[in-house]
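Coordinates as given in model.txt (compact mmCIF, C-alpha atoms and all ligand atoms):
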```
# COMPACT_ATOMS: atom_id res chain seq x y z
CA MET A 1 -44.90 38.34 -123.62
CA THR A 2 -41.23 38.71 -122.73
CA PRO A 3 -38.92 35.70 -122.91
CA ARG A 4 -38.52 36.04 -119.12
CA ARG A 5 -42.23 35.47 -118.48
CA ALA A 6 -42.62 32.81 -121.15
CA ALA A 7 -39.93 30.67 -119.60
CA VAL A 8 -41.39 30.85 -116.11
CA ARG A 9 -44.82 29.86 -117.41
CA THR A 10 -43.31 26.82 -119.08
CA GLN A 11 -41.81 25.79 -115.80
CA SER A 12 -44.93 26.30 -113.76
CA ASN A 13 -46.98 24.33 -116.27
CA SER A 14 -44.70 21.36 -116.08
CA ALA A 15 -44.13 21.35 -112.33
CA GLU A 16 -47.49 22.47 -110.96
CA ALA A 17 -50.69 22.05 -112.96
CA VAL A 18 -52.74 24.44 -110.79
CA PRO A 19 -50.54 26.79 -108.80
CA LEU A 20 -51.92 27.73 -105.43
CA LEU A 21 -50.20 31.09 -105.64
CA ALA A 22 -49.16 32.62 -108.95
CA VAL A 23 -47.17 35.81 -109.32
CA ASP A 24 -47.38 36.81 -112.95
CA GLY A 25 -45.12 39.49 -114.41
CA VAL A 26 -45.36 41.69 -111.33
CA THR A 27 -43.61 45.06 -111.06
CA LYS A 28 -43.72 47.43 -108.09
CA ALA A 29 -42.08 50.84 -107.92
CA PHE A 30 -42.11 53.32 -105.05
CA ARG A 31 -42.09 57.07 -105.48
CA PHE A 32 -40.46 59.11 -102.76
CA ARG A 33 -38.53 62.32 -102.05
CA ASP A 34 -35.14 61.94 -100.40
CA ARG A 35 -35.42 65.45 -98.94
CA PRO A 36 -38.34 67.82 -98.29
CA PHE A 37 -39.37 69.53 -101.54
CA GLY A 38 -36.70 67.53 -103.41
CA PRO A 39 -37.45 65.86 -106.73
CA ARG A 40 -39.61 62.75 -106.68
CA GLN A 41 -37.51 59.62 -107.08
CA HIS A 42 -38.72 56.45 -108.70
CA LEU A 43 -37.42 53.22 -107.19
CA VAL A 44 -38.17 49.86 -108.78
CA ALA A 45 -38.33 47.38 -105.89
CA VAL A 46 -39.72 44.42 -107.87
CA ASN A 47 -39.33 44.09 -111.63
CA ARG A 48 -41.28 41.68 -113.86
CA ILE A 49 -41.32 38.77 -111.43
CA SER A 50 -43.18 35.56 -112.17
CA LEU A 51 -43.27 32.70 -109.71
CA THR A 52 -45.61 29.94 -108.63
CA VAL A 53 -46.11 28.21 -105.30
CA ALA A 54 -47.60 24.71 -105.18
CA PRO A 55 -49.73 23.34 -102.32
CA GLY A 56 -47.68 21.86 -99.50
CA LYS A 57 -44.34 23.03 -100.91
CA THR A 58 -41.76 25.53 -99.72
CA VAL A 59 -40.39 28.18 -102.04
CA ALA A 60 -37.51 30.17 -100.59
CA ILE A 61 -36.65 33.67 -101.73
CA ILE A 62 -33.10 34.72 -101.09
CA GLY A 63 -30.92 37.68 -102.00
CA GLU A 64 -28.99 40.57 -100.52
CA SER A 65 -30.57 43.23 -98.35
CA GLY A 66 -32.73 45.65 -100.33
CA CYS A 67 -33.19 43.35 -103.35
CA GLY A 68 -36.99 43.40 -102.91
CA LYS A 69 -37.74 40.20 -100.98
CA SER A 70 -40.13 41.78 -98.48
CA THR A 71 -41.85 43.80 -101.19
CA LEU A 72 -42.42 40.59 -103.14
CA GLY A 73 -43.80 38.98 -99.96
CA ARG A 74 -46.17 41.90 -99.45
CA LEU A 75 -47.29 41.70 -103.08
CA MET A 76 -48.09 38.03 -102.50
CA THR A 77 -50.19 38.72 -99.43
CA GLY A 78 -51.94 41.61 -101.18
CA ASP A 79 -50.62 44.18 -98.68
CA VAL A 80 -49.06 46.04 -101.59
CA ALA A 81 -50.69 46.44 -105.01
CA PRO A 82 -48.58 45.76 -108.12
CA ASP A 83 -48.10 48.48 -110.73
CA THR A 84 -48.24 45.88 -113.48
CA GLY A 85 -48.86 42.14 -113.51
CA GLN A 86 -51.05 40.19 -111.18
CA VAL A 87 -50.93 37.97 -108.12
CA ARG A 88 -53.51 35.17 -108.11
CA ILE A 89 -54.42 32.90 -105.24
CA GLU A 90 -56.30 29.76 -106.19
CA GLY A 91 -56.87 31.37 -109.58
CA ARG A 92 -58.40 34.60 -108.22
CA ALA A 93 -56.73 38.00 -108.37
CA VAL A 94 -55.57 38.80 -104.86
CA HIS A 95 -56.95 42.32 -105.13
CA ALA A 96 -60.41 41.03 -105.98
CA LEU A 97 -60.56 39.25 -102.62
CA THR A 98 -61.93 40.91 -99.50
CA ARG A 99 -59.59 41.28 -96.52
CA LEU A 100 -61.26 38.35 -94.78
CA GLU A 101 -61.21 36.12 -97.86
CA LYS A 102 -57.52 36.87 -98.32
CA ALA A 103 -56.72 36.24 -94.68
CA ARG A 104 -58.31 32.78 -94.85
CA ILE A 105 -56.02 31.73 -97.68
CA ILE A 106 -52.73 33.52 -97.11
CA GLN A 107 -51.13 34.75 -93.89
CA PRO A 108 -47.87 36.61 -93.26
CA ILE A 109 -45.38 35.66 -90.54
CA ALA A 110 -43.11 38.60 -89.81
CA GLN A 111 -39.50 38.92 -88.75
CA ASP A 112 -40.34 40.85 -85.59
CA PRO A 113 -43.14 38.97 -83.83
CA LYS A 114 -43.52 41.51 -81.03
CA ALA A 115 -44.12 44.29 -83.55
CA ALA A 116 -46.72 42.07 -85.22
CA LEU A 117 -48.71 41.76 -81.99
CA ASN A 118 -50.71 44.59 -80.44
CA PRO A 119 -48.66 45.57 -77.36
CA ARG A 120 -51.82 46.45 -75.42
CA TRP A 121 -53.54 43.15 -76.08
CA THR A 122 -53.07 39.94 -74.15
CA VAL A 123 -52.26 36.80 -76.13
CA ALA A 124 -55.86 35.68 -75.54
CA ARG A 125 -57.20 38.84 -77.17
CA SER A 126 -54.75 38.60 -80.10
CA LEU A 127 -55.93 35.06 -80.74
CA GLY A 128 -59.56 35.80 -79.96
CA GLU A 129 -59.82 38.56 -82.57
CA PRO A 130 -59.51 36.33 -85.69
CA LEU A 131 -61.80 33.75 -84.09
CA GLU A 132 -64.43 36.46 -83.74
CA LEU A 133 -63.75 38.21 -87.05
CA HIS A 134 -63.99 35.02 -89.07
CA ARG A 135 -66.77 33.60 -86.85
CA LEU A 136 -64.74 30.44 -86.42
CA VAL A 137 -66.21 29.27 -83.11
CA PRO A 138 -69.18 30.35 -80.96
CA PRO A 139 -68.21 32.80 -78.18
CA LYS A 140 -68.56 30.21 -75.45
CA GLU A 141 -66.03 27.93 -77.17
CA ARG A 142 -63.49 30.68 -77.76
CA LYS A 143 -61.44 30.10 -74.61
CA ALA A 144 -60.99 26.41 -75.42
CA ALA A 145 -60.09 27.25 -79.04
CA ILE A 146 -57.40 29.67 -77.83
CA GLU A 147 -55.93 27.05 -75.50
CA GLN A 148 -55.94 24.55 -78.34
CA ALA A 149 -54.20 27.02 -80.65
CA LEU A 150 -51.47 27.61 -78.06
CA LEU A 151 -50.95 23.90 -77.44
CA ARG A 152 -50.68 23.34 -81.17
CA VAL A 153 -47.59 25.57 -81.37
CA GLY A 154 -46.05 24.14 -78.21
CA LEU A 155 -47.10 26.88 -75.77
CA ALA A 156 -48.75 26.39 -72.38
CA PRO A 157 -52.36 27.71 -72.22
CA GLU A 158 -51.35 29.87 -69.21
CA ILE A 159 -49.50 32.17 -71.59
CA ALA A 160 -52.88 33.46 -72.82
CA SER A 161 -53.03 36.11 -70.09
CA ARG A 162 -49.64 37.63 -70.95
CA PHE A 163 -48.84 40.76 -72.97
CA PRO A 164 -46.26 40.71 -75.81
CA ARG A 165 -43.64 42.41 -73.59
CA GLU A 166 -43.92 39.43 -71.22
CA LEU A 167 -42.99 36.92 -73.95
CA SER A 168 -39.59 35.79 -75.23
CA GLY A 169 -38.92 36.26 -78.96
CA GLY A 170 -39.52 32.56 -79.61
CA GLU A 171 -42.78 32.55 -77.61
CA ALA A 172 -43.99 35.66 -79.42
CA GLN A 173 -43.21 34.08 -82.81
CA ARG A 174 -45.15 30.95 -81.77
CA VAL A 175 -48.10 33.18 -80.86
CA THR A 176 -48.04 34.86 -84.29
CA ILE A 177 -47.88 31.42 -85.93
CA ALA A 178 -50.78 30.22 -83.73
CA ARG A 179 -52.78 33.29 -84.75
CA ALA A 180 -52.07 32.72 -88.45
CA LEU A 181 -53.06 29.05 -88.20
CA LEU A 182 -56.46 29.77 -86.64
CA VAL A 183 -57.90 30.39 -90.10
CA SER A 184 -56.21 27.29 -91.62
CA PRO A 185 -54.49 29.29 -94.37
CA ARG A 186 -53.21 27.50 -97.44
CA VAL A 187 -50.07 29.65 -97.67
CA LEU A 188 -47.79 31.19 -95.03
CA VAL A 189 -45.50 33.96 -96.26
CA CYS A 190 -42.67 33.94 -93.74
CA ASP A 191 -40.45 37.03 -94.00
CA GLU A 192 -37.21 36.25 -92.14
CA PRO A 193 -39.29 34.55 -89.43
CA VAL A 194 -36.33 33.31 -87.41
CA SER A 195 -33.57 35.82 -88.13
CA ALA A 196 -34.16 37.72 -84.88
CA LEU A 197 -34.05 34.56 -82.75
CA ASP A 198 -31.13 32.65 -81.29
CA ALA A 199 -29.98 29.45 -82.99
CA ALA A 200 -31.80 26.96 -80.71
CA VAL A 201 -35.09 28.86 -80.93
CA GLN A 202 -34.65 29.23 -84.70
CA ALA A 203 -34.42 25.46 -85.02
CA ASP A 204 -37.58 25.02 -82.89
CA ILE A 205 -39.59 27.48 -84.99
CA VAL A 206 -38.40 25.95 -88.27
CA ARG A 207 -39.33 22.48 -86.96
CA LEU A 208 -42.77 23.81 -86.04
CA LEU A 209 -43.32 25.30 -89.51
CA LEU A 210 -42.30 22.01 -91.14
CA GLU A 211 -44.62 20.03 -88.85
CA ILE A 212 -47.48 22.35 -89.81
CA GLN A 213 -46.64 21.91 -93.46
CA SER A 214 -46.61 18.15 -93.24
CA SER A 215 -49.81 17.89 -91.18
CA GLU A 216 -51.85 20.63 -92.91
CA GLY A 217 -50.31 20.68 -96.40
CA THR A 218 -49.59 24.39 -95.97
CA ALA A 219 -47.42 26.01 -98.64
CA LEU A 220 -44.57 28.12 -97.31
CA VAL A 221 -42.90 31.10 -98.90
CA PHE A 222 -39.73 31.47 -96.87
CA ILE A 223 -37.85 34.74 -97.24
CA SER A 224 -34.36 34.55 -95.81
CA HIS A 225 -30.71 35.53 -96.00
CA ASP A 226 -29.70 32.16 -94.61
CA LEU A 227 -28.60 29.91 -97.46
CA GLN A 228 -27.88 26.98 -95.15
CA LEU A 229 -31.37 27.10 -93.75
CA VAL A 230 -33.23 27.48 -97.04
CA SER A 231 -31.25 24.73 -98.73
CA ARG A 232 -32.43 22.38 -95.95
CA LEU A 233 -36.10 23.30 -95.76
CA SER A 234 -37.10 24.36 -99.28
CA HIS A 235 -38.30 22.51 -102.33
CA ARG A 236 -37.46 25.37 -104.68
CA ILE A 237 -35.28 28.42 -104.29
CA ALA A 238 -35.68 31.73 -106.11
CA ILE A 239 -32.66 34.02 -106.10
CA MET A 240 -33.38 37.73 -106.31
CA TYR A 241 -31.06 40.49 -107.37
CA LEU A 242 -32.04 44.15 -107.60
CA GLY A 243 -35.76 43.44 -107.81
CA GLU A 244 -35.53 40.53 -110.25
CA ILE A 245 -35.46 36.78 -109.95
CA VAL A 246 -32.26 35.72 -111.69
CA GLU A 247 -32.55 32.00 -111.02
CA ILE A 248 -35.08 29.50 -109.73
CA MET A 249 -34.23 25.90 -109.06
CA PRO A 250 -34.74 22.84 -106.91
CA ALA A 251 -33.09 23.37 -103.51
CA GLY A 252 -30.50 20.64 -104.12
CA GLY A 253 -28.98 22.62 -106.99
CA LEU A 254 -28.06 25.68 -104.92
CA GLY A 255 -24.67 26.97 -106.00
CA GLY A 256 -23.81 23.92 -108.10
CA VAL A 257 -21.83 24.07 -111.32
CA LEU A 258 -24.99 24.90 -113.27
CA SER A 259 -25.77 28.07 -111.35
CA HIS A 260 -26.18 31.73 -112.16
CA PRO A 261 -23.01 33.77 -111.58
CA TYR A 262 -24.78 35.74 -108.82
CA THR A 263 -25.97 32.60 -107.05
CA ARG A 264 -22.48 31.17 -107.18
CA ALA A 265 -21.09 34.34 -105.68
CA LEU A 266 -23.69 34.25 -102.89
CA VAL A 267 -22.83 30.62 -102.16
CA GLY A 268 -19.15 31.50 -102.30
CA ALA A 269 -19.78 33.86 -99.39
CA ALA A 270 -21.40 31.02 -97.39
CA PRO A 271 -18.55 28.47 -97.21
CA ARG A 272 -20.41 26.04 -94.93
CA LEU A 273 -22.52 25.19 -97.94
CA GLY A 274 -19.29 23.88 -99.42
CA ARG A 275 -20.42 20.57 -100.80
CA HIS A 276 -19.97 22.07 -104.22
CA PRO A 277 -16.93 21.85 -106.45
CA ARG A 278 -13.90 23.67 -105.13
CA LYS A 279 -13.86 26.28 -107.87
CA ALA A 280 -17.54 27.14 -107.35
CA ARG A 281 -16.83 28.08 -103.73
CA ARG A 282 -14.21 30.57 -104.83
CA ALA A 283 -16.64 32.79 -106.72
CA THR A 284 -16.77 36.10 -104.91
CA LEU A 285 -19.13 39.02 -104.81
CA THR A 286 -17.36 42.33 -105.26
CA GLY A 287 -18.64 45.89 -105.46
CA GLU A 288 -21.80 47.48 -104.15
CA VAL A 289 -25.37 46.62 -105.17
CA PRO A 290 -26.38 49.38 -107.64
CA SER A 291 -29.15 51.74 -106.58
CA PRO A 292 -32.67 50.56 -107.45
CA VAL A 293 -33.30 54.22 -108.39
CA ASP A 294 -30.72 54.00 -111.17
CA ARG A 295 -30.86 50.43 -112.40
CA PRO A 296 -28.13 49.16 -114.74
CA SER A 297 -29.11 48.56 -118.35
CA GLY A 298 -29.26 45.03 -119.75
CA CYS A 299 -28.54 42.34 -117.17
CA VAL A 300 -28.87 44.09 -113.80
CA PHE A 301 -25.97 42.02 -112.46
CA HIS A 302 -23.52 43.05 -115.19
CA PRO A 303 -21.58 45.73 -113.23
CA ARG A 304 -20.58 43.06 -110.69
CA CYS A 305 -20.40 39.98 -112.89
CA ALA A 306 -16.99 38.49 -113.59
CA LEU A 307 -18.37 36.96 -116.78
CA ALA A 308 -20.06 40.05 -118.22
CA ALA A 309 -19.67 40.46 -121.97
CA GLU A 310 -20.68 43.37 -124.17
CA VAL A 311 -24.17 41.95 -124.74
CA CYS A 312 -24.82 41.90 -120.99
CA SER A 313 -24.95 45.69 -120.64
CA ARG A 314 -27.17 46.02 -123.71
CA THR A 315 -29.81 43.32 -123.41
CA SER A 316 -31.71 41.91 -120.48
CA PRO A 317 -31.46 38.10 -120.54
CA GLY A 318 -34.61 35.99 -120.61
CA PHE A 319 -34.97 32.76 -118.66
CA GLU A 320 -33.52 29.59 -120.07
CA SER A 321 -33.98 26.10 -118.79
CA VAL A 322 -30.71 24.56 -117.63
CA GLY A 323 -32.13 21.45 -116.01
CA SER A 324 -35.24 19.92 -114.55
CA ASP A 325 -37.34 22.70 -112.98
CA HIS A 326 -34.24 24.93 -113.16
CA LEU A 327 -34.34 28.32 -114.89
CA MET A 328 -31.70 30.97 -115.15
CA ALA A 329 -31.65 34.50 -116.55
CA CYS A 330 -28.21 34.75 -118.11
CA HIS A 331 -27.09 35.21 -121.69
CA PHE A 332 -24.71 32.32 -121.24
CA ALA A 333 -27.05 29.95 -119.44
CA GLY A 334 -26.69 26.40 -120.65
CA ARG A 335 -24.13 27.33 -123.23
CA GLU A 336 -20.96 28.19 -121.42
CA GLN A 337 -21.79 26.83 -117.99
CA SER A 338 -18.68 24.72 -117.90
CA ALA A 339 -16.67 27.93 -118.26
CA PHE A 340 -18.34 29.59 -115.26
CA GLY A 341 -16.24 27.91 -112.61
CA SER A 342 -12.88 28.57 -114.21
CA ALA A 343 -13.69 32.17 -115.19
CA GLU A 344 -14.87 33.06 -111.68
CA ALA A 345 -11.99 31.28 -110.04
CA THR A 346 -9.62 33.27 -112.25
CA SER A 347 -11.34 36.57 -111.51
CA SER A 348 -11.16 35.97 -107.77
CA GLY A 349 -7.48 35.28 -107.89
CA ALA A 350 -7.56 31.48 -107.73
N1 LIG A 401 -42.64 52.08 -98.91
C1 LIG A 401 -41.48 52.24 -99.54
N2 LIG A 401 -41.14 53.46 -100.07
C2 LIG A 401 -39.97 53.64 -100.74
N3 LIG A 401 -39.07 52.66 -100.91
C3 LIG A 401 -39.35 51.44 -100.40
C4 LIG A 401 -40.55 51.17 -99.68
N4 LIG A 401 -40.54 49.86 -99.29
C5 LIG A 401 -39.37 49.35 -99.75
N5 LIG A 401 -38.65 50.30 -100.40
C6 LIG A 401 -37.36 50.12 -101.07
O1 LIG A 401 -37.51 49.02 -101.96
C7 LIG A 401 -36.31 48.26 -102.01
C8 LIG A 401 -36.64 46.82 -101.63
O2 LIG A 401 -37.00 46.81 -100.24
P1 LIG A 401 -37.36 45.46 -99.50
O3 LIG A 401 -37.73 45.79 -98.11
O4 LIG A 401 -38.35 44.71 -100.30
O5 LIG A 401 -35.96 44.69 -99.54
P2 LIG A 401 -35.51 43.33 -98.79
O6 LIG A 401 -34.88 42.47 -99.84
O7 LIG A 401 -36.64 42.77 -98.05
O8 LIG A 401 -34.38 43.87 -97.81
P3 LIG A 401 -33.94 43.27 -96.36
O9 LIG A 401 -33.22 41.98 -96.65
O10 LIG A 401 -33.03 44.32 -95.83
O11 LIG A 401 -35.18 43.08 -95.54
C9 LIG A 401 -35.34 48.93 -101.06
O12 LIG A 401 -34.49 49.77 -101.80
C10 LIG A 401 -36.23 49.74 -100.14
O13 LIG A 401 -35.56 50.88 -99.64
S1 LIG A 402 -26.10 37.89 -118.46
FE1 LIG A 402 -23.94 38.49 -118.46
S2 LIG A 402 -23.73 39.91 -116.72
FE2 LIG A 402 -25.66 38.79 -116.47
S3 LIG A 402 -25.13 37.07 -115.18
FE3 LIG A 402 -24.96 36.34 -117.29
S4 LIG A 402 -22.81 36.67 -117.82
FE4 LIG A 402 -23.20 37.87 -115.97
MG MG A 403 -36.98 42.41 -95.99
```
As structure tokens, the full file:
Amino acid sequence: MTPRRAAVRTQSNSAEAVPLLAVDGVTKAFRFRDRPFGPRQHLVAVNRISLTVAPGKTVAIIGESGCGKSTLGRLMTGDVAPDTGQVRIEGRAVHALTRLEKARIIQPIAQDPKAALNPRWTVARSLGEPLELHRLVPPKERKAAIEQALLRVGLAPEIASRFPRELSGGEAQRVTIARALLVSPRVLVCDEPVSALDAAVQADIVRLLLEIQSSEGTALVFISHDLQLVSRLSHRIAIMYLGEIVEIMPAGGLGGVLSHPYTRALVGAAPRLGRHPRKARRATLTGEVPSPVDRPSGCVFHPRCALAAEVCSRTSPGFESVGSDHLMACHFAGREQSAFGSAEATSSGA
């Protein structure tokens, strides 16, 4: 067992006795050719990730584009199989579940709701299909169940006869949420569910998801770029960088003094989160994200880290606890935290 996995287990044991969803040491690589007949490339999208989700709680996953958030979401829903490690839902390996069993426990909510709906199906048919597939109601009660499902997400029953092209983005996202809720799932994996919507509609959809969580006890995995949003709606936040979780913490700690250098740099780029100490806001993120095809040795963040020392390029850091329910993968976690602010401020010209 690597130190990274051991530390995450410790945390999950203390915070959640029986995790609803457990991702345990999961790695996923893709093989592809970047040109016809070219050499096969090997890209590690998710590397040794462990994470738990408790009933009724929200875990946010944040990180830059391409860091593996969606792949992790698809591993959770069982749409992608891990190369190593395991995803368990209610203690059962996700890949041992049938498609229908899986669908009744965990449902995805996608970024592009119109793409998630069959363009040739009316809303009624899109909602009717899971009712039929899972034998949730007798055929003669299906129409009433569809109307009920639409009302539940704040849509008028008349919308049932429309096609996806006849819906606004917000209406279409409500339909996909209504469809997911038909089976009363215990977990919703929301992959940037509001990023394609305007601000007012975003707020409506987020409110709806939170209402569902409080009335049904649904757990949410919320994948997002929006630090403001996730710090408001999450219980825990996992920060991903180049396929790895580098920090996981209670939402209130986002970007505070005791934060991973990468998290602090991300927060530094989102100044409206600026309730943190002045120096923490000055941390900057410079340079490009390295290619997941050619991952840096040691700490994957070391080529961009203002605090990198010689050990960082040699050895991958394990997780260390730096506070209650707060883990960080950094060689200097908990030891030189007080130096983080001043070193970063210096490196960014403060
Ligand atoms: N089927 C695939 N084949 C090859 N590479 C893939 C495949 N799916 C994802 N990738 C690669 O895996 C890496 C992680 O992709 P992923 O979509 O999980 O990132 P992301 O964090 O969700 O990005 P974004 O924020 O832009 O949605 C990327 O480099 C991506 O190009
Ligand atoms: S291990 Fe080193 S390179 Fe990685 S975040 Fe910590 S200080 Fe930076
Ligand atoms: Mg994505």
Counting only C-alpha atoms and all ligand atoms, name the residues that have an atom within 9 Å of an atom of ligand LIG 401 (chain A); the answer should be given as a ChimeraX atom specification. /A:28-33,42-46,62-74,191-192,223-225,240-243,291-293
* **A:Ala196, A:Val53, A:Val153, A:Leu133 ranked by distance to Pro113 of chain A, top pick (using all atoms listed in the file)** =>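 The shortest atom-to-atom distance to Pro113 of chain A comes from A:Ala196.
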| said: Could you list, as a PyMOL selection string, all residues that come within 10 Å of ligand LIG 402 (chain A)? Count only C-alpha atoms and all ligand atoms. | reply: chain A and resi 246-247+259-263+298-318+328-333+336-337+340
* Asked: Counting only C-alpha atoms, which of A:Ala251, A:Ala103, A:Met76, A:Ala93 gets nearest to Thr27 of chain A?
  ->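 The shortest atom-to-atom distance to Thr27 of chain A comes from A:Met76.
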*Rank A:Asp24, A:Glu132, A:Glu244, A:Asp112 by their smallest atom-to-atom distance to ligand MG 403 (chain A), using all atoms listed in the file, and report the top residue only.*
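Among A:Asp24, A:Glu132, A:Glu244, A:Asp112, it is A:Asp112 that comes nearest to ligand MG 403 (chain A).
If only C-alpha atoms and all ligand atoms are the atoms counted, then among A:Leu233, A:Val206, A:Ile61, A:Val267 the closest residue to ligand MG 403 (chain A) is A:Ile61.
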>> I'd like to know which of A:Pro157, A:Val80, A:Glu90, A:Pro164 is closest to Trp121 of chain A, using all atoms listed in the file.
In response: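 Of the candidates, the smallest distance to Trp121 of chain A is held by A:Pro164.
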Atom pair atom CA of Leu258 of chain A + atom CA of Pro290 of chain A, distance 25.2 Å
Review point. Between atom CA of Thr98 of chain A and atom CA of Ala22 of chain A, what is the spacing in Å?
Key: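 That distance, rounded to one decimal, is 17.9 Å.
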Next item on the list: Using all atoms listed in the file, give me every residue within 10 Å of (-45.2, 33.4, -108.2) in file coordinates, as a PyMOL selection string.
Entry: chain A and resi 8-9+12+19-26+49-54+59+72+75-76+86-89+221+238
Task: Selected residue of minimal separation from ligand MG 403 (chain A) among A:Arg35, A:Ile146, A:Asn47, A:Cys190, counting only C-alpha atoms and all ligand atoms - done: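 Ranking A:Arg35, A:Ile146, A:Asn47, A:Cys190 by distance to ligand MG 403 (chain A), first place goes to A:Cys190.
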